[in-house]
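Coordinates from my_file.txt are shown below (compact mmCIF, C-alpha atoms (C1' of nucleotides)).
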```txt
# COMPACT_ATOMS: atom_id res chain seq x y z
CA MET A 1247 0.00 0.00 0.00
CA LEU A 1248 1.16 3.46 -0.84
CA GLN A 1249 0.92 6.24 1.65
CA GLU A 1250 -0.41 9.69 1.11
CA ILE A 1251 2.36 11.82 -0.27
CA GLU A 1252 2.09 15.54 -0.65
CA VAL A 1253 3.05 16.90 -3.99
CA ASN A 1254 3.11 20.61 -3.24
CA LYS A 1255 5.95 20.68 -0.85
CA ASN A 1256 9.59 21.55 -0.78
CA TYR A 1257 11.57 18.46 -1.46
CA GLU A 1258 14.95 20.12 -1.20
CA ARG A 1259 15.75 18.80 2.25
CA SER A 1260 14.52 15.29 1.59
CA ALA A 1261 16.33 15.22 -1.72
CA ASP A 1262 19.51 16.06 0.15
CA VAL A 1263 18.97 13.00 2.29
CA PHE A 1264 18.65 10.78 -0.74
CA LYS A 1265 21.55 12.43 -2.46
CA ALA A 1266 23.67 11.90 0.63
CA MET A 1267 22.83 8.21 0.56
CA GLY A 1268 23.40 7.91 -3.16
CA HIS A 1269 26.98 6.77 -3.08
CA PRO A 1270 28.26 3.20 -2.60
CA ALA A 1271 30.87 4.13 -0.01
CA ARG A 1272 28.42 6.20 2.00
CA LEU A 1273 25.83 3.47 1.80
CA ARG A 1274 28.29 0.89 3.01
CA MET A 1275 29.26 3.09 5.93
CA LEU A 1276 25.62 3.52 6.82
CA ALA A 1277 25.20 -0.23 6.73
CA ALA A 1278 28.06 -0.51 9.20
CA LEU A 1279 26.55 2.18 11.39
CA GLY A 1280 23.38 0.12 11.47
CA SER A 1281 24.95 -2.01 14.16
CA GLY A 1282 26.10 0.90 16.27
CA GLU A 1283 28.35 3.91 16.25
CA GLN A 1284 31.82 3.68 14.72
CA CYS A 1285 34.91 5.83 14.65
CA VAL A 1286 36.08 7.30 11.37
CA CYS A 1287 39.11 5.04 11.38
CA GLU A 1288 36.95 1.92 11.30
CA LEU A 1289 34.78 3.29 8.53
CA GLN A 1290 37.88 4.23 6.60
CA LYS A 1291 39.20 0.67 6.78
CA LEU A 1292 35.81 -0.52 5.63
CA VAL A 1293 35.59 1.51 2.46
CA GLY A 1294 39.31 1.72 1.72
CA LEU A 1295 39.36 5.33 0.62
CA ASP A 1296 41.64 8.11 1.74
CA MET A 1297 40.91 9.30 5.26
CA SER A 1298 40.16 12.78 4.01
CA THR A 1299 37.71 11.43 1.48
CA VAL A 1300 35.95 9.43 4.15
CA SER A 1301 35.75 12.48 6.35
CA LYS A 1302 34.12 14.44 3.56
CA HIS A 1303 31.67 11.65 2.87
CA LEU A 1304 30.68 11.64 6.52
CA SER A 1305 30.28 15.37 6.49
CA VAL A 1306 27.84 15.04 3.61
CA LEU A 1307 25.81 12.52 5.57
CA LYS A 1308 25.91 14.68 8.67
CA HIS A 1309 24.85 17.78 6.79
CA ALA A 1310 21.85 15.94 5.44
CA GLY A 1311 20.89 14.79 8.91
CA VAL A 1312 21.48 11.10 8.25
CA VAL A 1313 24.16 10.71 10.90
CA SER A 1314 25.44 12.61 13.90
CA SER A 1315 28.87 12.65 15.49
CA ARG A 1316 30.55 13.07 18.81
CA LYS A 1317 34.18 13.61 19.71
CA GLU A 1318 36.00 11.56 22.32
CA GLY A 1319 39.69 12.21 22.69
CA ASN A 1320 41.31 11.85 19.33
CA TRP A 1321 38.39 9.96 17.89
CA ALA A 1322 35.20 11.02 16.23
CA TYR A 1323 32.31 8.61 16.47
CA TYR A 1324 29.48 8.65 13.98
CA ARG A 1325 26.04 7.36 14.62
CA LEU A 1326 22.97 6.74 12.48
CA GLU A 1327 20.15 9.22 13.00
CA LEU A 1328 17.72 7.95 10.37
CA GLU A 1329 16.37 4.77 11.85
CA CYS A 1330 14.46 3.66 8.75
CA VAL A 1331 17.53 3.23 6.55
CA GLY A 1332 17.76 -0.52 7.07
CA ARG A 1333 14.13 -1.13 6.25
CA PHE A 1334 14.29 0.92 3.09
CA LEU A 1335 17.52 -0.66 1.96
CA THR A 1336 15.90 -4.06 2.38
CA CYS A 1337 12.94 -2.95 0.31
CA ILE A 1338 15.21 -1.64 -2.42
CA GLU A 1339 17.16 -4.87 -2.59
CA ARG A 1340 13.98 -6.89 -2.73
CA THR A 1341 12.64 -4.75 -5.56
CA LEU A 1342 15.91 -4.85 -7.50
CA SER A 1343 16.08 -8.61 -7.32
CA GLU A 1344 12.72 -9.07 -8.95
CA MET B 754 14.49 -0.85 15.61
CA LEU B 755 17.28 -1.28 13.15
CA GLN B 756 17.36 -4.24 10.85
CA GLU B 757 20.30 -6.43 10.04
CA ILE B 758 22.29 -4.79 7.28
CA GLU B 759 25.09 -6.52 5.49
CA VAL B 760 28.29 -4.59 5.19
CA ASN B 761 30.16 -6.72 2.71
CA LYS B 762 27.99 -6.29 -0.25
CA ASN B 763 27.91 -4.33 -3.45
CA TYR B 764 26.01 -1.16 -2.88
CA GLU B 765 26.36 0.13 -6.40
CA ARG B 766 22.84 -0.72 -7.48
CA SER B 767 21.19 0.50 -4.31
CA ALA B 768 23.25 3.66 -4.40
CA ASP B 769 21.91 4.28 -7.87
CA VAL B 770 18.40 4.10 -6.50
CA PHE B 771 19.18 6.70 -3.86
CA LYS B 772 21.03 8.85 -6.33
CA ALA B 773 18.07 8.71 -8.66
CA MET B 774 15.81 9.90 -5.88
CA GLY B 775 18.22 12.58 -4.78
CA HIS B 776 16.82 15.47 -6.75
CA PRO B 777 13.91 17.72 -5.74
CA ALA B 778 12.17 17.51 -9.11
CA ARG B 779 12.47 13.76 -9.26
CA LEU B 780 11.28 13.42 -5.70
CA ARG B 781 8.27 15.58 -6.42
CA MET B 782 7.40 13.50 -9.45
CA LEU B 783 7.70 10.36 -7.38
CA ALA B 784 5.35 11.89 -4.84
CA ALA B 785 2.86 12.47 -7.63
CA LEU B 786 3.28 8.95 -8.91
CA GLY B 787 2.44 7.74 -5.43
CA SER B 788 -1.22 8.22 -6.27
CA GLY B 789 -1.04 6.40 -9.59
CA GLU B 790 0.57 6.53 -12.99
CA GLN B 791 0.95 9.81 -14.82
CA CYS B 792 1.89 10.89 -18.29
CA VAL B 793 5.04 12.91 -18.83
CA CYS B 794 3.01 15.98 -19.72
CA GLU B 795 1.39 16.04 -16.28
CA LEU B 796 4.68 15.56 -14.52
CA GLN B 797 6.16 18.32 -16.61
CA LYS B 798 3.46 20.73 -15.54
CA LEU B 799 4.10 19.70 -11.97
CA VAL B 800 7.80 20.45 -11.85
CA GLY B 801 7.84 23.27 -14.41
CA LEU B 802 11.02 22.25 -16.17
CA ASP B 803 11.63 21.83 -19.86
CA MET B 804 9.96 18.74 -21.29
CA SER B 805 13.31 17.33 -22.37
CA THR B 806 14.69 17.81 -18.90
CA VAL B 807 11.72 16.00 -17.39
CA SER B 808 12.17 13.16 -19.83
CA LYS B 809 15.78 12.80 -18.80
CA HIS B 810 14.87 12.85 -15.12
CA LEU B 811 12.38 10.08 -15.72
CA SER B 812 14.94 8.10 -17.61
CA VAL B 813 17.25 8.32 -14.61
CA LEU B 814 14.50 6.99 -12.36
CA LYS B 815 13.67 4.24 -14.81
CA HIS B 816 17.26 3.19 -15.19
CA ALA B 817 17.55 2.84 -11.45
CA GLY B 818 14.41 0.73 -11.34
CA VAL B 819 12.36 3.21 -9.35
CA VAL B 820 9.71 3.65 -12.01
CA SER B 821 8.56 1.88 -15.14
CA SER B 822 6.83 3.22 -18.22
CA ARG B 823 4.39 2.20 -20.88
CA LYS B 824 3.45 3.85 -24.15
CA GLU B 825 -0.10 4.50 -25.18
CA GLY B 826 -0.58 6.42 -28.38
CA ASN B 827 1.34 9.63 -28.14
CA TRP B 828 1.65 9.40 -24.41
CA ALA B 829 4.12 7.76 -22.10
CA TYR B 830 2.83 6.83 -18.69
CA TYR B 831 5.17 6.36 -15.78
CA ARG B 832 4.44 4.30 -12.74
CA LEU B 833 6.14 3.81 -9.37
CA GLU B 834 7.87 0.46 -8.97
CA LEU B 835 9.36 0.97 -5.52
CA GLU B 836 6.41 0.72 -3.20
CA CYS B 837 8.26 1.76 -0.05
CA VAL B 838 9.06 5.27 -1.25
CA GLY B 839 6.15 6.87 0.57
CA ARG B 840 6.94 5.24 3.87
CA PHE B 841 10.58 6.21 3.70
CA LEU B 842 9.79 9.76 2.69
CA THR B 843 7.52 10.04 5.68
CA CYS B 844 10.26 8.75 7.94
CA ILE B 845 12.75 11.24 6.52
CA GLU B 846 10.39 14.14 7.04
CA ARG B 847 9.69 13.07 10.59
CA THR B 848 13.39 12.82 11.33
CA LEU B 849 14.20 16.16 9.69
CA SER B 850 11.53 17.94 11.69
CA GLU B 851 13.01 16.88 15.03
C1' DT C 1152 0.15 13.06 -47.24
C1' DG C 1153 0.91 16.72 -44.05
C1' DG C 1154 0.57 18.82 -39.86
C1' DC C 1155 0.10 18.46 -34.99
C1' DT C 1156 1.19 16.43 -30.52
C1' DA C 1157 3.91 13.90 -26.98
C1' DT C 1158 8.14 12.28 -26.09
C1' DT C 1159 13.09 11.21 -26.61
C1' DT C 1160 17.84 12.14 -27.97
C1' DG C 1161 22.08 14.92 -29.04
C1' DG C 1162 24.83 18.50 -27.86
C1' DC C 1163 26.48 22.01 -25.17
C1' DA C 1164 27.86 25.06 -21.02
C1' DA C 1165 27.56 25.70 -16.15
C1' DA C 1166 27.57 23.70 -11.82
C1' DA C 1167 28.25 20.04 -8.56
C1' DT C 1168 30.76 15.93 -6.98
C1' DA C 1169 34.65 12.66 -5.90
C1' DG C 1170 39.15 11.66 -5.11
C1' DC C 1171 43.82 12.65 -3.84
C1' DC C 1172 47.64 15.23 -1.48
C1' DA C 1173 49.14 18.60 1.72
C1' DA C 1174 48.43 21.29 5.53
C1' DG C 1175 46.05 22.43 9.82
C1' DC C 1176 43.89 21.44 14.42
C1' DG C 1177 43.24 19.36 18.87
C1' DC C 1178 44.15 15.81 22.08
C1' DC C 1179 47.22 12.65 24.14
C1' DT C 1180 51.77 10.85 25.78
C1' DT C 1181 56.27 11.33 26.77
C1' DA D 891 57.61 21.38 24.77
C1' DA D 892 57.63 17.95 21.18
C1' DG D 893 55.96 14.50 18.57
C1' DG D 894 52.32 11.33 17.25
C1' DC D 895 47.66 10.26 16.25
C1' DG D 896 42.86 10.89 14.49
C1' DC D 897 40.42 13.77 11.99
C1' DT D 898 39.12 17.90 9.17
C1' DT D 899 39.88 21.47 5.72
C1' DG D 900 41.85 23.65 1.53
C1' DG D 901 42.99 23.14 -2.97
C1' DC D 902 43.29 21.01 -7.20
C1' DT D 903 41.78 18.07 -11.28
C1' DA D 904 38.80 14.78 -13.47
C1' DT D 905 34.28 13.32 -13.92
C1' DT D 906 29.34 13.61 -13.55
C1' DT D 907 25.07 16.02 -13.43
C1' DT D 908 21.68 19.53 -14.73
C1' DG D 909 19.18 22.26 -17.73
C1' DC D 910 18.34 24.39 -21.97
C1' DC D 911 17.70 24.42 -27.14
C1' DA D 912 17.36 22.09 -31.38
C1' DA D 913 16.47 18.14 -33.87
C1' DA D 914 14.62 13.48 -34.40
C1' DT D 915 10.97 9.97 -33.70
C1' DA D 916 6.42 8.24 -33.58
C1' DG D 917 1.45 8.27 -33.28
C1' DC D 918 -2.90 10.56 -34.42
C1' DC D 919 -6.21 12.91 -37.41
C1' DA D 920 -7.79 15.61 -41.21
```
Once more with this new file: its structure as structure tokens, please.
Amino acid sequence: MLQEIEVNKNYERSADVFKAMGHPARLRMLAALGSGEQCVCELQKLVGLDMSTVSKHLSVLKHAGVVSSRKEGNWAYYRLELECVGRFLTCIERTLSE
Amino acid sequence: MLQEIEVNKNYERSADVFKAMGHPARLRMLAALGSGEQCVCELQKLVGLDMSTVSKHLSVLKHAGVVSSRKEGNWAYYRLELECVGRFLTCIERTLSE
DNA sequence: TGGCTATTTGGCAAAATAGCCAAGCGCCTT
DNA sequence: AAGGCGCTTGGCTATTTTGCCAAATAGCCA
């Protein structure tokens, strides 16, 4: 069943959320964050990109409101803010595999 | 509640879905398609962009598997394929408004 | 056939994005 | 204080995306 969706609305903010998630590395990091917060160093190992690139990716996600971060000593920990990511990702994969 | 998300997986395809949805005009058209299929001409009036631009936007969505299309006479009708869009959009808006 | 309509495609310029390296910042340890 | 570590920021280039116009395609109707 489809829900009621408003057409006459500003979709800028929501589009930013989608855009933020529209990158394989960012999506993989979000998947990892699904099981709890992670430091940048772990996420960097996961995606195998330059640390600075990872940092910028995370900043995109943070700006869009998908994740939040906290500092602890030298480390920065990122956490998922959008709790429905997993469900939607599952739905996408189910649809794609049809 | 978060679902189990696999980390070691190819997120290229899913990322393409998000990327496709990551544009205000495309998101607005998807919102419209939430209440049933529409011809390109209607969607064009909705977003107010050049017809050719709208056509390209729709082709992005179709390529990603978010919508499908059928031809009938002069018209092309587009339909939503990803049924969870509405739910996710609602979740995003709820999260953004916190 | 010819003209009209709806849509798609090609091509282009402007803007946005992704990746790296180098440099900077703040905290920690010595 | 000095150096190391984790992370972020600045800057650059290469690539991708967006939007328009113009042209092509295809169906409908007189």
Wanna dump the range 1316-1338 of chain A-range 1271-1288 of chain A contacts at 6 Å for me, each residue with its shortest atom pair and the distance in Å to one decimal, counting all atoms listed in the file, ordered by chain and number, as JSON lines?
```
{"residue": "A:Ala1322", "atom": "CA", "partner": "A:Cys1285", "partner_atom": "CA", "distance": 5.4}
{"residue": "A:Tyr1323", "atom": "CA", "partner": "A:Cys1285", "partner_atom": "CA", "distance": 4.2}
{"residue": "A:Tyr1324", "atom": "CA", "partner": "A:Glu1283", "partner_atom": "CA", "distance": 5.4}
{"residue": "A:Arg1325", "atom": "CA", "partner": "A:Glu1283", "partner_atom": "CA", "distance": 4.5}
{"residue": "A:Leu1326", "atom": "CA", "partner": "A:Leu1279", "partner_atom": "CA", "distance": 5.9}
```
Now that the selection is made, can you save its residues with C-alpha atoms as a PDB file, keeping the file's coordinate frame?
```pdb
ATOM      1  CA  ALA A1322      35.200  11.020  16.230  1.00  0.00           C
ATOM      2  CA  TYR A1323      32.310   8.610  16.470  1.00  0.00           C
ATOM      3  CA  TYR A1324      29.480   8.650  13.980  1.00  0.00           C
ATOM      4  CA  ARG A1325      26.040   7.360  14.620  1.00  0.00           C
ATOM      5  CA  LEU A1326      22.970   6.740  12.480  1.00  0.00           C
TER       6      LEU A1326
END
```
**Study point:** Distance query DA1174 in chain C at most 12 Å, only C-alpha atoms (C1' of nucleotides), self and fewer than 6 positions along chain excluded, as a VMD selection string
**Key:** (chain A and resid 1298) or (chain D and resid 898 to 901)
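CA of Glu1327 in chain A sits 4.8 Å away from CA of Val1313 in chain A.
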After a least-squares superposition on chain B using every in-order C-alpha pair, I'd like chain A written out as a PDB file with C-alpha atoms, in the frame of the given file.
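Result file superposed.pdb:
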```
ATOM      1  CA  MET A1247      14.668  -1.029  15.768  1.00  0.00           C
ATOM      2  CA  LEU A1248      17.376  -1.393  13.206  1.00  0.00           C
ATOM      3  CA  GLN A1249      17.444  -4.306  10.862  1.00  0.00           C
ATOM      4  CA  GLU A1250      20.351  -6.493  10.010  1.00  0.00           C
ATOM      5  CA  ILE A1251      22.296  -4.849   7.248  1.00  0.00           C
ATOM      6  CA  GLU A1252      25.084  -6.553   5.410  1.00  0.00           C
ATOM      7  CA  VAL A1253      28.257  -4.609   5.120  1.00  0.00           C
ATOM      8  CA  ASN A1254      30.158  -6.746   2.641  1.00  0.00           C
ATOM      9  CA  LYS A1255      27.977  -6.284  -0.327  1.00  0.00           C
ATOM     10  CA  ASN A1256      27.881  -4.315  -3.510  1.00  0.00           C
ATOM     11  CA  TYR A1257      25.990  -1.155  -2.902  1.00  0.00           C
ATOM     12  CA  GLU A1258      26.324   0.160  -6.425  1.00  0.00           C
ATOM     13  CA  ARG A1259      22.797  -0.697  -7.478  1.00  0.00           C
ATOM     14  CA  SER A1260      21.162   0.517  -4.297  1.00  0.00           C
ATOM     15  CA  ALA A1261      23.220   3.678  -4.382  1.00  0.00           C
ATOM     16  CA  ASP A1262      21.870   4.308  -7.860  1.00  0.00           C
ATOM     17  CA  VAL A1263      18.374   4.139  -6.451  1.00  0.00           C
ATOM     18  CA  PHE A1264      19.166   6.732  -3.831  1.00  0.00           C
ATOM     19  CA  LYS A1265      21.018   8.885  -6.286  1.00  0.00           C
ATOM     20  CA  ALA A1266      18.052   8.743  -8.632  1.00  0.00           C
ATOM     21  CA  MET A1267      15.801   9.957  -5.841  1.00  0.00           C
ATOM     22  CA  GLY A1268      18.217  12.641  -4.742  1.00  0.00           C
ATOM     23  CA  HIS A1269      16.792  15.507  -6.711  1.00  0.00           C
ATOM     24  CA  PRO A1270      13.857  17.753  -5.731  1.00  0.00           C
ATOM     25  CA  ALA A1271      12.139  17.543  -9.106  1.00  0.00           C
ATOM     26  CA  ARG A1272      12.464  13.774  -9.255  1.00  0.00           C
ATOM     27  CA  LEU A1273      11.243  13.451  -5.705  1.00  0.00           C
ATOM     28  CA  ARG A1274       8.231  15.591  -6.425  1.00  0.00           C
ATOM     29  CA  MET A1275       7.394  13.504  -9.466  1.00  0.00           C
ATOM     30  CA  LEU A1276       7.652  10.366  -7.388  1.00  0.00           C
ATOM     31  CA  ALA A1277       5.304  11.899  -4.861  1.00  0.00           C
ATOM     32  CA  ALA A1278       2.829  12.492  -7.669  1.00  0.00           C
ATOM     33  CA  LEU A1279       3.273   8.953  -8.928  1.00  0.00           C
ATOM     34  CA  GLY A1280       2.391   7.767  -5.448  1.00  0.00           C
ATOM     35  CA  SER A1281      -1.250   8.243  -6.316  1.00  0.00           C
ATOM     36  CA  GLY A1282      -1.056   6.414  -9.611  1.00  0.00           C
ATOM     37  CA  GLU A1283       0.569   6.508 -12.998  1.00  0.00           C
ATOM     38  CA  GLN A1284       0.939   9.811 -14.838  1.00  0.00           C
ATOM     39  CA  CYS A1285       1.887  10.896 -18.317  1.00  0.00           C
ATOM     40  CA  VAL A1286       5.053  12.892 -18.846  1.00  0.00           C
ATOM     41  CA  CYS A1287       3.030  15.959 -19.735  1.00  0.00           C
ATOM     42  CA  GLU A1288       1.390  16.035 -16.313  1.00  0.00           C
ATOM     43  CA  LEU A1289       4.688  15.563 -14.536  1.00  0.00           C
ATOM     44  CA  GLN A1290       6.189  18.304 -16.646  1.00  0.00           C
ATOM     45  CA  LYS A1291       3.472  20.746 -15.594  1.00  0.00           C
ATOM     46  CA  LEU A1292       4.101  19.722 -12.018  1.00  0.00           C
ATOM     47  CA  VAL A1293       7.796  20.469 -11.901  1.00  0.00           C
ATOM     48  CA  GLY A1294       7.839  23.272 -14.465  1.00  0.00           C
ATOM     49  CA  LEU A1295      11.025  22.252 -16.212  1.00  0.00           C
ATOM     50  CA  ASP A1296      11.661  21.810 -19.898  1.00  0.00           C
ATOM     51  CA  MET A1297      10.008  18.718 -21.328  1.00  0.00           C
ATOM     52  CA  SER A1298      13.354  17.315 -22.364  1.00  0.00           C
ATOM     53  CA  THR A1299      14.722  17.794 -18.882  1.00  0.00           C
ATOM     54  CA  VAL A1300      11.751  16.009 -17.395  1.00  0.00           C
ATOM     55  CA  SER A1301      12.202  13.165 -19.822  1.00  0.00           C
ATOM     56  CA  LYS A1302      15.814  12.787 -18.775  1.00  0.00           C
ATOM     57  CA  HIS A1303      14.886  12.870 -15.115  1.00  0.00           C
ATOM     58  CA  LEU A1304      12.388  10.093 -15.703  1.00  0.00           C
ATOM     59  CA  SER A1305      14.950   8.095 -17.578  1.00  0.00           C
ATOM     60  CA  VAL A1306      17.248   8.305 -14.572  1.00  0.00           C
ATOM     61  CA  LEU A1307      14.496   6.998 -12.330  1.00  0.00           C
ATOM     62  CA  LYS A1308      13.650   4.247 -14.779  1.00  0.00           C
ATOM     63  CA  HIS A1309      17.256   3.183 -15.141  1.00  0.00           C
ATOM     64  CA  ALA A1310      17.533   2.839 -11.397  1.00  0.00           C
ATOM     65  CA  GLY A1311      14.405   0.721 -11.277  1.00  0.00           C
ATOM     66  CA  VAL A1312      12.340   3.228  -9.315  1.00  0.00           C
ATOM     67  CA  VAL A1313       9.692   3.649 -11.992  1.00  0.00           C
ATOM     68  CA  SER A1314       8.545   1.862 -15.112  1.00  0.00           C
ATOM     69  CA  SER A1315       6.826   3.196 -18.204  1.00  0.00           C
ATOM     70  CA  ARG A1316       4.397   2.182 -20.868  1.00  0.00           C
ATOM     71  CA  LYS A1317       3.479   3.816 -24.149  1.00  0.00           C
ATOM     72  CA  GLU A1318      -0.094   4.467 -25.216  1.00  0.00           C
ATOM     73  CA  GLY A1319      -0.563   6.398 -28.415  1.00  0.00           C
ATOM     74  CA  ASN A1320       1.371   9.598 -28.174  1.00  0.00           C
ATOM     75  CA  TRP A1321       1.667   9.384 -24.427  1.00  0.00           C
ATOM     76  CA  ALA A1322       4.125   7.734 -22.126  1.00  0.00           C
ATOM     77  CA  TYR A1323       2.847   6.805 -18.703  1.00  0.00           C
ATOM     78  CA  TYR A1324       5.172   6.356 -15.770  1.00  0.00           C
ATOM     79  CA  ARG A1325       4.438   4.304 -12.744  1.00  0.00           C
ATOM     80  CA  LEU A1326       6.112   3.801  -9.377  1.00  0.00           C
ATOM     81  CA  GLU A1327       7.858   0.462  -8.959  1.00  0.00           C
ATOM     82  CA  LEU A1328       9.349   0.975  -5.503  1.00  0.00           C
ATOM     83  CA  GLU A1329       6.393   0.709  -3.197  1.00  0.00           C
ATOM     84  CA  CYS A1330       8.244   1.765  -0.043  1.00  0.00           C
ATOM     85  CA  VAL A1331       9.039   5.286  -1.234  1.00  0.00           C
ATOM     86  CA  GLY A1332       6.135   6.896   0.600  1.00  0.00           C
ATOM     87  CA  ARG A1333       6.949   5.248   3.893  1.00  0.00           C
ATOM     88  CA  PHE A1334      10.584   6.232   3.718  1.00  0.00           C
ATOM     89  CA  LEU A1335       9.809   9.776   2.696  1.00  0.00           C
ATOM     90  CA  THR A1336       7.526  10.051   5.709  1.00  0.00           C
ATOM     91  CA  CYS A1337      10.277   8.769   7.960  1.00  0.00           C
ATOM     92  CA  ILE A1338      12.747  11.251   6.527  1.00  0.00           C
ATOM     93  CA  GLU A1339      10.398  14.161   7.054  1.00  0.00           C
ATOM     94  CA  ARG A1340       9.704  13.078  10.598  1.00  0.00           C
ATOM     95  CA  THR A1341      13.415  12.831  11.343  1.00  0.00           C
ATOM     96  CA  LEU A1342      14.204  16.179   9.720  1.00  0.00           C
ATOM     97  CA  SER A1343      11.552  17.951  11.726  1.00  0.00           C
ATOM     98  CA  GLU A1344      13.010  16.884  15.027  1.00  0.00           C
TER      99      GLU A1344
END
```
Chain B residues near chain D within 9 Å, closest pair each, using all atoms listed in the file, as a tab-separated table:
```
residue	atom	partner	partner_atom	distance
B:Leu802	CA	D:DG909	C1'	8.3
B:Asp803	CA	D:DC910	C1'	7.5
B:Ser805	CA	D:DC910	C1'	8.7
B:Thr806	CA	D:DG909	C1'	6.4
B:Gly826	CA	D:DG917	C1'	5.6
B:Asn827	CA	D:DG917	C1'	5.3
B:Trp828	CA	D:DG917	C1'	8.9
```
**Study point:** Residue among A:Lys1317, A:Met1297, A:Ser1343, A:Leu1289 lying closest to DC1172 in chain C, counting all atoms listed in the file
**Key:**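 Nearest candidate to DC1172 in chain C out of A:Lys1317, A:Met1297, A:Ser1343, A:Leu1289: A:Met1297.
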Check your understanding: If you measure from CA of His1309 in chain A to CA of Arg1259 in chain A, what distance in Å do you get, rounded to one decimal?
Key ->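 Taking CA of His1309 in chain A and CA of Arg1259 in chain A, their separation equals 10.2 Å.
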Exercise for review: Counting all atoms listed in the file, collect the residues of chain B whose closest atom lies at most 8 Å from chain A, and write them out as a PyMOL selection string.
Suggested key: chain B and resi 754-765+767-778+780-782+784-785+787-788+818+834-837+839-842+844-846+848-849
Per residue of chain C within 9 Å of chain A, note the shortest atom pair and the distance in Å to one decimal, counting all atoms listed in the file, and order the rows by chain and increasing residue number, as CSV.
```
residue,atom,partner,partner_atom,distance
C:DA1169,C1',A:Thr1299,CA,8.1
C:DG1170,C1',A:Thr1299,CA,6.7
C:DC1171,C1',A:Asp1296,CA,7.5
C:DG1177,C1',A:Asn1320,CA,7.8
C:DC1178,C1',A:Asn1320,CA,5.6
C:DC1179,C1',A:Asn1320,CA,7.7
```
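One distance worth recording is that between CA of Gly1294 in chain A and CA of Leu814 in chain B, which is 29.0 Å.
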